[in-house]
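S.K.: Input structure_30.txt, format and content: compact mmCIF, C-alpha atoms and all ligand atoms.
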# COMPACT_ATOMS: atom_id res chain seq x y z
CA MET A 23 7.43 -17.90 -20.30
CA THR A 24 7.31 -15.82 -23.42
CA LYS A 25 7.53 -12.10 -23.36
CA THR A 26 3.85 -11.54 -24.15
CA ASN A 27 2.81 -13.37 -21.00
CA HIS A 28 4.53 -10.57 -19.24
CA LEU A 29 2.19 -7.87 -20.46
CA TRP A 30 -1.15 -6.92 -19.00
CA LYS A 31 -4.08 -7.65 -21.26
CA SER A 32 -5.06 -4.00 -21.36
CA ARG A 33 -4.55 -0.66 -19.70
CA TRP A 34 -7.56 -1.46 -17.55
CA THR A 35 -5.89 -4.56 -16.15
CA PHE A 36 -2.86 -2.45 -15.33
CA ILE A 37 -5.12 -0.02 -13.50
CA MET A 38 -6.77 -2.83 -11.57
CA ALA A 39 -3.45 -4.48 -10.72
CA ALA A 40 -1.87 -1.24 -9.57
CA THR A 41 -5.01 -0.40 -7.62
CA GLY A 42 -4.86 -3.90 -6.18
CA SER A 43 -1.32 -3.21 -5.08
CA ALA A 44 -2.15 0.20 -3.66
CA VAL A 45 -5.40 -0.68 -1.91
CA GLY A 46 -4.74 -3.00 0.97
CA LEU A 47 -4.13 -3.08 4.68
CA GLY A 48 -2.55 0.34 4.35
CA ASN A 49 -5.95 1.84 3.59
CA ILE A 50 -8.29 -0.16 5.74
CA TRP A 51 -6.12 -1.10 8.71
CA LYS A 52 -3.19 1.32 8.87
CA PHE A 53 -4.65 4.63 7.72
CA PRO A 54 -7.42 4.74 10.34
CA TYR A 55 -5.20 3.66 13.20
CA ILE A 56 -2.33 6.04 12.50
CA THR A 57 -4.83 8.84 11.91
CA GLY A 58 -6.16 8.02 15.38
CA GLU A 59 -2.69 7.96 16.89
CA TYR A 60 -1.54 11.18 15.27
CA GLY A 61 -4.58 13.18 16.20
CA GLY A 62 -7.00 13.21 13.25
CA GLY A 63 -7.73 16.09 10.87
CA ALA A 64 -4.34 17.79 10.67
CA PHE A 65 -2.65 14.47 9.96
CA VAL A 66 -5.22 13.69 7.25
CA LEU A 67 -4.66 17.06 5.63
CA VAL A 68 -0.88 16.64 5.49
CA TYR A 69 -1.34 13.10 4.20
CA LEU A 70 -3.63 14.34 1.39
CA ALA A 71 -1.13 17.07 0.51
CA CYS A 72 1.64 14.45 0.34
CA ILE A 73 -0.47 12.26 -1.96
CA LEU A 74 -1.13 15.17 -4.29
CA LEU A 75 2.25 16.91 -4.33
CA VAL A 76 4.59 13.97 -3.94
CA GLY A 77 2.77 10.65 -4.29
CA ILE A 78 0.94 11.14 -7.57
CA PRO A 79 3.86 12.77 -9.45
CA VAL A 80 6.31 10.13 -8.17
CA MET A 81 3.90 7.37 -9.14
CA MET A 82 3.84 8.74 -12.68
CA SER A 83 7.64 8.63 -12.69
CA GLU A 84 7.73 5.12 -11.37
CA VAL A 85 5.30 3.79 -13.98
CA MET A 86 7.27 5.61 -16.65
CA LEU A 87 10.65 4.23 -15.53
CA GLY A 88 9.23 0.72 -15.49
CA ARG A 89 7.69 1.02 -18.92
CA ALA A 90 10.82 2.61 -20.35
CA GLY A 91 13.16 0.07 -18.72
CA ARG A 92 10.92 -2.92 -19.51
CA SER A 93 12.55 -5.00 -16.84
CA ASP A 94 12.62 -5.61 -13.10
CA PRO A 95 13.41 -2.51 -11.01
CA ILE A 96 17.11 -3.32 -10.59
CA ASP A 97 17.77 -4.00 -14.26
CA SER A 98 15.47 -1.21 -15.43
CA MET A 99 17.41 1.32 -13.37
CA LEU A 100 20.69 -0.14 -14.58
CA LYS A 101 19.62 0.01 -18.20
CA LEU A 102 18.23 3.52 -17.99
CA SER A 103 21.28 4.84 -16.16
CA ARG A 104 23.59 3.32 -18.78
CA GLN A 105 21.50 4.88 -21.54
CA SER A 106 21.86 8.21 -19.76
CA ALA A 107 25.60 7.76 -19.19
CA ALA A 108 24.95 7.92 -15.46
CA SER A 109 26.39 5.83 -12.64
CA PRO A 110 25.20 2.21 -12.46
CA GLY A 111 24.83 2.97 -8.76
CA TRP A 112 21.27 4.09 -9.56
CA SER A 113 20.35 0.40 -9.55
CA LEU A 114 20.58 0.70 -5.76
CA VAL A 115 17.06 2.13 -5.97
CA GLY A 116 15.94 -1.26 -7.24
CA ILE A 117 18.03 -3.20 -4.74
CA SER A 118 16.73 -1.25 -1.78
CA GLY A 119 13.24 -1.68 -3.21
CA VAL A 120 13.52 -5.47 -3.33
CA LEU A 121 14.78 -5.39 0.26
CA ALA A 122 12.01 -3.05 1.41
CA GLY A 123 9.45 -5.32 -0.24
CA MET A 124 10.66 -8.28 1.79
CA MET A 125 10.73 -6.25 4.99
CA ILE A 126 7.17 -5.02 4.43
CA LEU A 127 5.98 -8.50 3.49
CA ALA A 128 7.16 -9.79 6.87
CA PHE A 129 4.85 -7.69 9.03
CA TYR A 130 2.19 -7.25 6.37
CA SER A 131 1.46 -10.94 6.22
CA VAL A 132 1.10 -11.09 10.00
CA VAL A 133 -1.65 -8.47 9.88
CA ALA A 134 -3.21 -10.21 6.89
CA GLY A 135 -3.18 -13.34 9.02
CA TRP A 136 -5.23 -11.51 11.65
CA ALA A 137 -7.74 -10.64 8.92
CA LEU A 138 -7.93 -14.31 7.93
CA GLU A 139 -8.63 -15.26 11.54
CA TYR A 140 -11.46 -12.71 11.51
CA VAL A 141 -12.99 -14.29 8.41
CA TRP A 142 -13.14 -17.50 10.28
CA GLN A 143 -14.43 -15.98 13.54
CA SER A 144 -17.11 -13.91 11.80
CA ALA A 145 -18.30 -16.94 9.89
CA SER A 146 -18.64 -18.96 13.07
CA GLY A 147 -20.64 -16.20 14.78
CA HIS A 148 -17.99 -15.60 17.42
CA TYR A 149 -18.73 -11.88 17.70
CA ASN A 150 -22.52 -12.16 17.91
CA GLY A 151 -23.99 -9.89 20.56
CA VAL A 152 -20.57 -9.30 22.08
CA GLU A 153 -19.61 -5.97 23.71
CA ALA A 154 -16.74 -3.76 22.61
CA SER A 155 -14.59 -4.79 25.56
CA ALA A 156 -14.94 -8.49 24.76
CA ILE A 157 -13.92 -7.88 21.17
CA GLU A 158 -10.92 -5.92 22.42
CA ASN A 159 -9.99 -8.85 24.63
CA HIS A 160 -10.30 -11.22 21.72
CA PHE A 161 -7.90 -9.12 19.67
CA GLY A 162 -5.46 -9.04 22.58
CA GLU A 163 -5.63 -12.82 22.88
CA LEU A 164 -5.01 -13.31 19.20
CA THR A 165 -1.95 -11.06 19.15
CA SER A 166 -0.42 -12.89 22.09
CA ASP A 167 -1.16 -16.34 20.68
CA ILE A 168 1.98 -17.22 18.78
CA SER A 169 0.89 -20.47 17.21
CA ARG A 170 -2.47 -19.19 15.99
CA GLN A 171 -0.79 -16.21 14.36
CA LEU A 172 1.86 -18.45 12.84
CA ILE A 173 -0.77 -20.65 11.23
CA TRP A 174 -2.61 -17.77 9.57
CA HIS A 175 0.60 -16.04 8.60
CA THR A 176 1.74 -19.24 6.92
CA VAL A 177 -1.57 -19.58 5.09
CA PHE A 178 -1.29 -16.03 3.83
CA ILE A 179 2.30 -16.39 2.63
CA ALA A 180 1.33 -19.61 0.85
CA LEU A 181 -1.54 -17.82 -0.91
CA THR A 182 0.80 -15.01 -1.95
CA ALA A 183 3.35 -17.45 -3.32
CA GLY A 184 0.61 -19.31 -5.20
CA VAL A 185 -0.58 -16.24 -7.07
CA VAL A 186 2.91 -14.97 -7.85
CA ALA A 187 4.02 -18.38 -9.06
CA ALA A 188 1.04 -18.47 -11.43
CA GLY A 189 2.49 -15.48 -13.22
CA VAL A 190 1.58 -11.93 -13.75
CA SER A 191 -1.31 -11.74 -16.11
CA LYS A 192 -3.01 -14.97 -15.18
CA GLY A 193 -2.39 -14.93 -11.47
CA ILE A 194 -2.47 -11.27 -10.64
CA GLY A 195 -4.52 -9.74 -13.41
CA ALA A 196 -7.37 -12.21 -13.13
CA ALA A 197 -7.75 -11.91 -9.38
CA VAL A 198 -8.17 -8.18 -9.14
CA ASP A 199 -10.66 -7.43 -11.90
CA THR A 200 -13.81 -8.24 -9.95
CA LEU A 201 -12.68 -8.20 -6.35
CA MET A 202 -11.73 -4.54 -6.12
CA PRO A 203 -15.18 -3.24 -7.13
CA THR A 204 -16.84 -5.58 -4.61
CA LEU A 205 -14.66 -4.23 -1.83
CA PHE A 206 -15.65 -0.71 -2.78
CA ILE A 207 -19.35 -1.53 -2.49
CA LEU A 208 -18.95 -3.16 0.92
CA MET A 209 -17.05 -0.14 2.20
CA ILE A 210 -19.96 2.05 1.19
CA ILE A 211 -22.39 -0.19 3.07
CA LEU A 212 -20.20 0.14 6.17
CA VAL A 213 -20.16 3.91 5.88
CA ALA A 214 -23.96 3.88 5.56
CA TYR A 215 -24.09 1.87 8.77
CA ALA A 216 -21.80 4.39 10.46
CA ILE A 217 -24.07 7.22 9.33
CA PHE A 218 -27.18 5.64 10.81
CA GLU A 219 -25.83 3.87 13.84
CA GLY A 220 -22.52 5.48 14.77
CA ASP A 221 -21.64 8.96 15.93
CA PHE A 222 -21.05 10.12 12.38
CA ALA A 223 -20.69 13.80 13.25
CA ALA A 224 -17.95 13.08 15.77
CA GLY A 225 -16.18 10.69 13.39
CA ALA A 226 -16.25 13.08 10.46
CA ALA A 227 -15.15 15.99 12.64
CA PHE A 228 -12.23 13.95 13.93
CA LEU A 229 -11.14 13.14 10.38
CA PHE A 230 -11.70 16.51 8.78
CA THR A 231 -11.23 19.23 11.41
CA PRO A 232 -7.54 19.98 11.53
CA ASP A 233 -5.97 20.91 14.83
CA PHE A 234 -2.58 22.18 13.77
CA SER A 235 -1.23 22.19 17.29
CA LYS A 236 -1.04 18.41 16.88
CA LEU A 237 1.43 18.62 14.00
CA SER A 238 4.99 17.73 14.86
CA GLY A 239 7.94 16.82 12.64
CA GLU A 240 7.24 13.21 13.42
CA THR A 241 3.56 13.51 12.44
CA ILE A 242 4.48 15.03 9.09
CA LEU A 243 7.07 12.32 8.42
CA VAL A 244 4.53 9.61 9.20
CA ALA A 245 2.00 11.26 6.86
CA LEU A 246 4.59 11.36 4.08
CA GLY A 247 5.66 7.79 4.78
CA HIS A 248 2.09 6.64 4.66
CA ALA A 249 1.48 8.39 1.34
CA PHE A 250 4.29 6.25 -0.08
CA PHE A 251 3.15 3.11 1.67
CA THR A 252 -0.46 3.37 0.60
CA LEU A 253 0.39 4.06 -3.05
CA SER A 254 2.99 1.24 -3.03
CA LEU A 255 5.67 3.73 -4.03
CA GLY A 256 9.40 3.97 -3.68
CA MET A 257 10.21 0.26 -3.78
CA GLY A 258 9.70 -0.83 -7.34
CA ALA A 259 6.28 -2.49 -7.10
CA ILE A 260 4.71 0.10 -9.35
CA MET A 261 7.83 0.12 -11.51
CA VAL A 262 7.65 -3.60 -12.17
CA TYR A 263 3.91 -3.36 -12.85
CA GLY A 264 4.65 -0.46 -15.19
CA SER A 265 7.10 -2.66 -17.05
CA TYR A 266 4.20 -4.97 -17.94
CA MET A 267 2.13 -2.07 -19.25
CA PRO A 268 1.50 -1.95 -22.98
CA SER A 269 3.34 0.92 -24.68
CA GLY A 270 1.60 4.15 -25.47
CA GLY A 271 -1.30 5.40 -23.45
CA ASN A 272 -1.36 8.27 -21.07
CA ILE A 273 0.35 7.61 -17.77
CA GLY A 274 -1.05 10.75 -16.16
CA THR A 275 -4.74 9.90 -16.20
CA THR A 276 -4.01 6.27 -15.38
CA VAL A 277 -2.15 7.22 -12.23
CA LEU A 278 -4.76 9.79 -11.21
CA LEU A 279 -7.39 7.09 -11.32
CA ILE A 280 -5.33 4.71 -9.18
CA ALA A 281 -4.59 7.41 -6.60
CA PHE A 282 -8.24 8.38 -6.55
CA PHE A 283 -9.38 4.81 -5.82
CA ASP A 284 -6.73 4.43 -3.16
CA THR A 285 -7.58 7.67 -1.37
CA ALA A 286 -11.31 7.00 -1.61
CA ILE A 287 -10.97 3.61 0.05
CA ALA A 288 -8.84 5.05 2.87
CA LEU A 289 -11.26 7.89 3.57
CA LEU A 290 -14.24 5.53 3.42
CA ALA A 291 -12.50 3.25 5.90
CA GLY A 292 -11.99 6.23 8.21
CA LEU A 293 -15.62 7.25 7.82
CA ALA A 294 -16.73 3.72 8.62
CA ILE A 295 -14.48 3.24 11.63
CA PHE A 296 -14.38 6.52 13.59
CA PRO A 297 -18.15 6.96 14.06
CA ILE A 298 -18.17 3.49 15.66
CA VAL A 299 -15.19 4.42 17.82
CA PHE A 300 -16.99 7.45 19.22
CA SER A 301 -20.41 5.88 19.66
CA ASN A 302 -18.90 2.99 21.63
CA GLY A 303 -16.60 5.00 23.85
CA LEU A 304 -13.51 3.47 22.25
CA GLN A 305 -10.21 5.34 21.89
CA PRO A 306 -9.27 6.66 18.42
CA GLY A 307 -5.60 6.18 19.33
CA ALA A 308 -6.11 2.52 20.25
CA GLY A 309 -3.41 1.42 17.80
CA PRO A 310 -3.18 -1.52 15.41
CA GLY A 311 -6.30 -3.18 16.82
CA LEU A 312 -8.59 -0.32 15.79
CA MET A 313 -10.18 -1.91 12.72
CA PHE A 314 -10.29 -5.33 14.34
CA VAL A 315 -12.24 -4.03 17.30
CA THR A 316 -14.63 -1.55 15.68
CA LEU A 317 -15.86 -3.36 12.60
CA PRO A 318 -17.08 -6.54 14.29
CA LEU A 319 -19.24 -4.20 16.40
CA ALA A 320 -20.82 -2.79 13.25
CA PHE A 321 -21.46 -6.22 11.82
CA ASN A 322 -22.93 -7.30 15.12
CA SER A 323 -25.96 -5.11 14.71
CA LEU A 324 -26.36 -5.26 10.94
CA PRO A 325 -28.83 -7.59 9.32
CA ALA A 326 -27.01 -10.69 8.12
CA GLY A 327 -24.05 -9.40 10.13
CA ASN A 328 -22.22 -12.72 10.22
CA LEU A 329 -22.36 -13.06 6.51
CA MET A 330 -21.40 -9.45 5.87
CA GLY A 331 -18.56 -9.61 8.38
CA THR A 332 -17.27 -12.77 6.79
CA ILE A 333 -17.39 -11.29 3.32
CA PHE A 334 -15.79 -8.07 4.51
CA PHE A 335 -12.81 -9.70 6.19
CA ALA A 336 -12.44 -12.02 3.23
CA LEU A 337 -12.24 -9.00 0.96
CA VAL A 338 -9.73 -7.31 3.25
CA SER A 339 -7.64 -10.47 3.06
CA ILE A 340 -7.91 -10.46 -0.71
CA ALA A 341 -7.01 -6.77 -0.85
CA ALA A 342 -3.99 -7.65 1.28
CA LEU A 343 -3.15 -10.47 -1.11
CA SER A 344 -3.28 -8.24 -4.18
CA SER A 345 -0.82 -5.98 -2.35
CA SER A 346 1.50 -8.64 -1.00
CA ILE A 347 2.03 -10.14 -4.43
CA SER A 348 3.41 -6.80 -5.54
CA LEU A 349 5.79 -6.83 -2.59
CA ILE A 350 7.65 -9.84 -3.92
CA GLU A 351 7.13 -9.35 -7.64
CA PRO A 352 10.13 -6.97 -8.01
CA GLY A 353 12.46 -9.56 -6.48
CA VAL A 354 10.89 -12.45 -8.38
CA ALA A 355 11.15 -10.56 -11.66
CA TRP A 356 14.82 -9.89 -10.97
CA LEU A 357 15.65 -13.50 -10.10
CA GLU A 358 13.68 -14.72 -13.10
CA LYS A 359 15.67 -12.38 -15.30
CA HIS A 360 18.79 -14.07 -13.95
CA ARG A 361 17.55 -17.46 -15.07
CA ILE A 362 16.08 -18.71 -11.85
CA PRO A 363 12.65 -20.16 -12.69
CA ARG A 364 9.64 -18.24 -11.42
CA LEU A 365 8.56 -21.02 -9.09
CA ALA A 366 11.95 -21.29 -7.38
CA SER A 367 12.30 -17.50 -7.15
CA THR A 368 8.87 -17.19 -5.63
CA LEU A 369 9.52 -19.93 -3.10
CA ALA A 370 12.83 -18.43 -2.03
CA LEU A 371 11.38 -14.99 -1.44
CA ALA A 372 8.19 -16.30 0.16
CA LEU A 373 10.26 -18.33 2.61
CA THR A 374 12.35 -15.30 3.49
CA GLY A 375 9.18 -13.28 4.07
CA TRP A 376 7.76 -16.12 6.11
CA ALA A 377 10.82 -16.17 8.39
CA GLY A 378 10.63 -12.39 8.81
CA GLY A 379 6.96 -12.68 9.73
CA ALA A 380 7.71 -15.40 12.27
CA LEU A 381 10.20 -13.01 13.88
CA CYS A 382 7.55 -10.28 13.95
CA ILE A 383 5.15 -12.63 15.68
CA HIS A 384 7.71 -13.53 18.32
CA TYR A 385 9.11 -10.06 18.84
CA GLY A 386 6.76 -7.10 18.68
CA SER A 387 9.77 -4.81 18.40
CA VAL A 388 10.76 -6.39 15.07
CA PHE A 389 7.25 -5.73 13.77
CA ASP A 390 7.40 -2.07 14.82
CA PHE A 391 10.92 -1.62 13.51
CA LEU A 392 10.14 -3.03 10.05
CA ASP A 393 6.96 -0.99 9.79
CA TYR A 394 8.72 2.23 10.82
CA VAL A 395 11.90 1.90 8.79
CA THR A 396 10.23 0.88 5.55
CA ALA A 397 7.38 3.39 5.49
CA ASN A 398 9.13 6.37 6.99
CA ILE A 399 12.66 6.00 5.64
CA MET A 400 13.16 3.50 2.82
CA LEU A 401 10.09 4.32 0.70
CA PRO A 402 10.42 8.14 0.84
CA LEU A 403 14.15 7.79 0.14
CA GLY A 404 13.39 5.57 -2.85
CA GLY A 405 10.84 8.14 -4.02
CA LEU A 406 13.38 10.94 -3.65
CA LEU A 407 15.88 9.10 -5.83
CA ILE A 408 13.23 8.21 -8.40
CA ALA A 409 12.22 11.86 -8.66
CA ILE A 410 15.83 13.04 -9.00
CA PHE A 411 16.62 10.38 -11.57
CA THR A 412 13.57 11.26 -13.66
CA GLY A 413 13.97 15.00 -13.30
CA TRP A 414 17.71 15.45 -13.61
CA ILE A 415 19.36 12.34 -15.04
CA LEU A 416 17.17 11.00 -17.83
CA SER A 417 17.17 13.12 -20.96
CA PRO A 418 14.25 15.56 -20.96
CA ASP A 419 13.20 14.53 -24.48
CA ARG A 420 13.05 10.91 -23.52
CA VAL A 421 11.06 11.74 -20.40
CA LYS A 422 8.64 13.79 -22.43
CA ASN A 423 8.05 10.99 -24.92
CA GLU A 424 7.73 8.26 -22.35
CA ILE A 425 5.37 10.02 -19.97
CA GLY A 426 3.07 11.04 -22.84
CA PHE A 427 1.10 13.96 -21.40
CA LYS A 428 -1.29 15.32 -23.98
CA SER A 429 -1.09 18.83 -22.65
CA PHE A 430 2.26 20.61 -22.62
CA ARG A 431 1.16 22.62 -19.62
CA MET A 432 0.47 19.49 -17.56
CA HIS A 433 3.86 18.16 -18.57
CA LYS A 434 5.55 21.34 -17.37
CA ILE A 435 3.75 21.25 -14.03
CA TRP A 436 4.57 17.60 -13.47
CA LEU A 437 8.22 18.10 -14.41
CA TRP A 438 8.54 21.03 -12.06
CA ILE A 439 7.09 18.99 -9.21
CA ILE A 440 9.39 16.06 -9.98
CA ARG A 441 12.47 18.26 -10.23
CA VAL A 442 11.89 20.62 -7.36
CA VAL A 443 8.76 20.29 -5.26
CA ALA A 444 8.80 16.57 -4.49
CA PRO A 445 12.56 16.27 -3.75
CA ALA A 446 12.61 19.45 -1.68
CA GLY A 447 9.49 18.37 0.20
CA ILE A 448 10.95 14.98 1.07
CA VAL A 449 14.31 16.43 2.13
CA LEU A 450 12.67 19.13 4.24
CA ILE A 451 10.40 16.62 5.97
CA PHE A 452 13.37 14.35 6.72
CA ALA A 453 15.38 17.27 8.05
CA ASN A 454 12.49 18.55 10.10
CA SER A 455 11.83 15.19 11.71
CA LEU A 456 15.51 14.96 12.65
CA GLY A 457 15.22 18.33 14.32
CA LEU A 458 17.65 19.94 11.85
CA ILE A 459 15.21 22.66 10.85
N1 LIG A 501 0.02 -0.17 -0.70
C1 LIG A 501 -0.18 -1.35 0.09
C2 LIG A 501 -1.26 -1.07 1.11
O1 LIG A 501 -1.64 0.06 1.31
C3 LIG A 501 1.09 -1.80 0.76
C4 LIG A 501 2.27 -1.86 -0.16
C5 LIG A 501 3.35 -1.04 0.07
C6 LIG A 501 2.27 -2.71 -1.26
C7 LIG A 501 4.44 -1.04 -0.80
C8 LIG A 501 3.35 -2.74 -2.13
C9 LIG A 501 4.41 -1.90 -1.89
O2 LIG A 501 -1.73 -1.94 1.76
For this file, write the structure as structure tokens.
M.R.:
Amino acid sequence: MTKTNHLWKSRWTFIMAATGSAVGLGNIWKFPYITGEYGGGAFVLVYLACILLVGIPVMMSEVMLGRAGRSDPIDSMLKLSRQSAASPGWSLVGISGVLAGMMILAFYSVVAGWALEYVWQSASGHYNGVEASAIENHFGELTSDISRQLIWHTVFIALTAGVVAAGVSKGIGAAVDTLMPTLFILMIILVAYAIFEGDFAAGAAFLFTPDFSKLSGETILVALGHAFFTLSLGMGAIMVYGSYMPSGGNIGTTVLLIAFFDTAIALLAGLAIFPIVFSNGLQPGAGPGLMFVTLPLAFNSLPAGNLMGTIFFALVSIAALSSSISLIEPGVAWLEKHRIPRLASTLALALTGWAGGALCIHYGSVFDFLDYVTANIMLPLGGLLIAIFTGWILSPDRVKNEIGFKSFRMHKIWLWIIRVVAPAGIVLIFANSLGLI
């Protein structure tokens, strides 16, 4: 492949690809269920603060490092640290990112497999006229049926490998341009349903009325971890996408747009799901099955519910796909750089992810472990190092040129966050969750 194949067609395609990476199961499946588990409003508030004060500034750094390094995350970090006369050990950020990507892919593709099963079940009218409890039972059956999960998980990994093998601009860029806007529209229809048919007041109050007595060190760590997870930060996905971004152009506004889309989809998912939870006497803290139990209920009573349910779960699967491809792209880009053809690199990593997913299906504890360690430890740690590297290691002039803020004031604010606020916030949250402070 020539070098130009490795650039997005335009800034807009970069925005769509990064949004495709960010928007996924994290928004529609994970955000509502962890919000339910961690008590609602206060969790949401801390999560939003983490997005604003840590996530967005770190995302700007990550895009910048990628575009400046113009390589995969490992080699970009190596190159930039050499240019700054710093330790080559900074490439560990990239190495841990490749590893985290594989670990996330393992459980992510299992959940995406559930979504695929729901496409199929909605299309065949399986949920028609069925009560909440029956849908709960169905979810329970699916998650204890090893072979059915394995089949869908395999299908999903194969789809991921297919898109990645097709290459960045053609495979990834083309897929996201139209699908993301469609998902947005369907989410709005679901929220409209929740307004008319669900207990919207209760749902909105749960999401937006903070009860600070529910905040513990653990809750804050999970909110921080989710901010990283949902924006695809701290593991090189955004860095490698940034490396395909045409030079010039303002990183600040680009990133703001991506974060806005991502947050909007998560909040819309919450506003669609919780009103249905409360009007059906379901539990907000029901766990990973939350979306899979509530939304079929909504589609049940909507006109053309089968069709809408089918389209919705198909779009969730596609949103998951546009995220999962970015989970292996850092590793694939690195292998490709070391002369292993894209197809072989993709297959090797996809197989590894497949094996990890098979383990998750067999052992629920592996699933929980991978989810916890990646989101709450590896990604924030990666983000911490990215912030320190940008703020204290790279030369300030270089940083200023690369990031390209138009306003000097904005640049100052961002730099101050990257140097002090974000690192201190992450360290304090880690320390607090360990009971050290
Ligand atoms: N951001 C994706 C989501 O919310 C998950 C993801 C995490 C993708 C890290 C890439 C890297 O679904």
S.K.: Set up a box along x, y and z of the file covering all listed atoms of segment 261-275 of chain A, add 5 Å on every one of the six sides, and write the centre and edge lengths in Å to one decimal, as JSON.
M.R.:
{"center_x": 1.5, "center_y": 2.9, "center_z": -18.5, "size_x": 22.6, "size_y": 25.7, "size_z": 24.0}
S.K.: Would you name the residues within 7 Å of ligand LIG 501 (chain A), counting all atoms listed in the file, and put them as a PyMOL selection string?
M.R.: chain A and resi 43-49+123+251-255+257+259+342+345-346+348-349
S.K.: Compile a residue-level contact table for segment 254-300 of chain A against segment 306-319 of chain A at a cut-off of 7 Å, reporting for every qualifying residue the shortest atom pair and its distance in Å to one decimal, with all atoms listed in the file counted, rows ordered by chain and ascending number, as a Markdown table.
M.R.:
| residue | atom | partner | partner_atom | distance |
| --- | --- | --- | --- | --- |
| A:Ile295 | CA | A:Thr316 | CA | 6.3 |
| A:Ile298 | CA | A:Thr316 | CA | 6.2 |
| A:Val299 | CA | A:Pro306 | CA | 6.4 |
S.K.: For the point (-9.7, -13.4, -7.5) in the file's frame, write as a ChimeraX atom specification all residues with an atom no more than 10 Å away, counting all atoms listed in the file.
M.R.: /A:185,193-202,337,340-341,343-344
S.K.: Which one of A:Thr412, A:Thr275, A:Thr57, A:Ser238 sits closest to Gly292 of chain A if you count only C-alpha atoms?
M.R.: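 Using only C-alpha atoms, Gly292 of chain A sits closest to A:Thr57.
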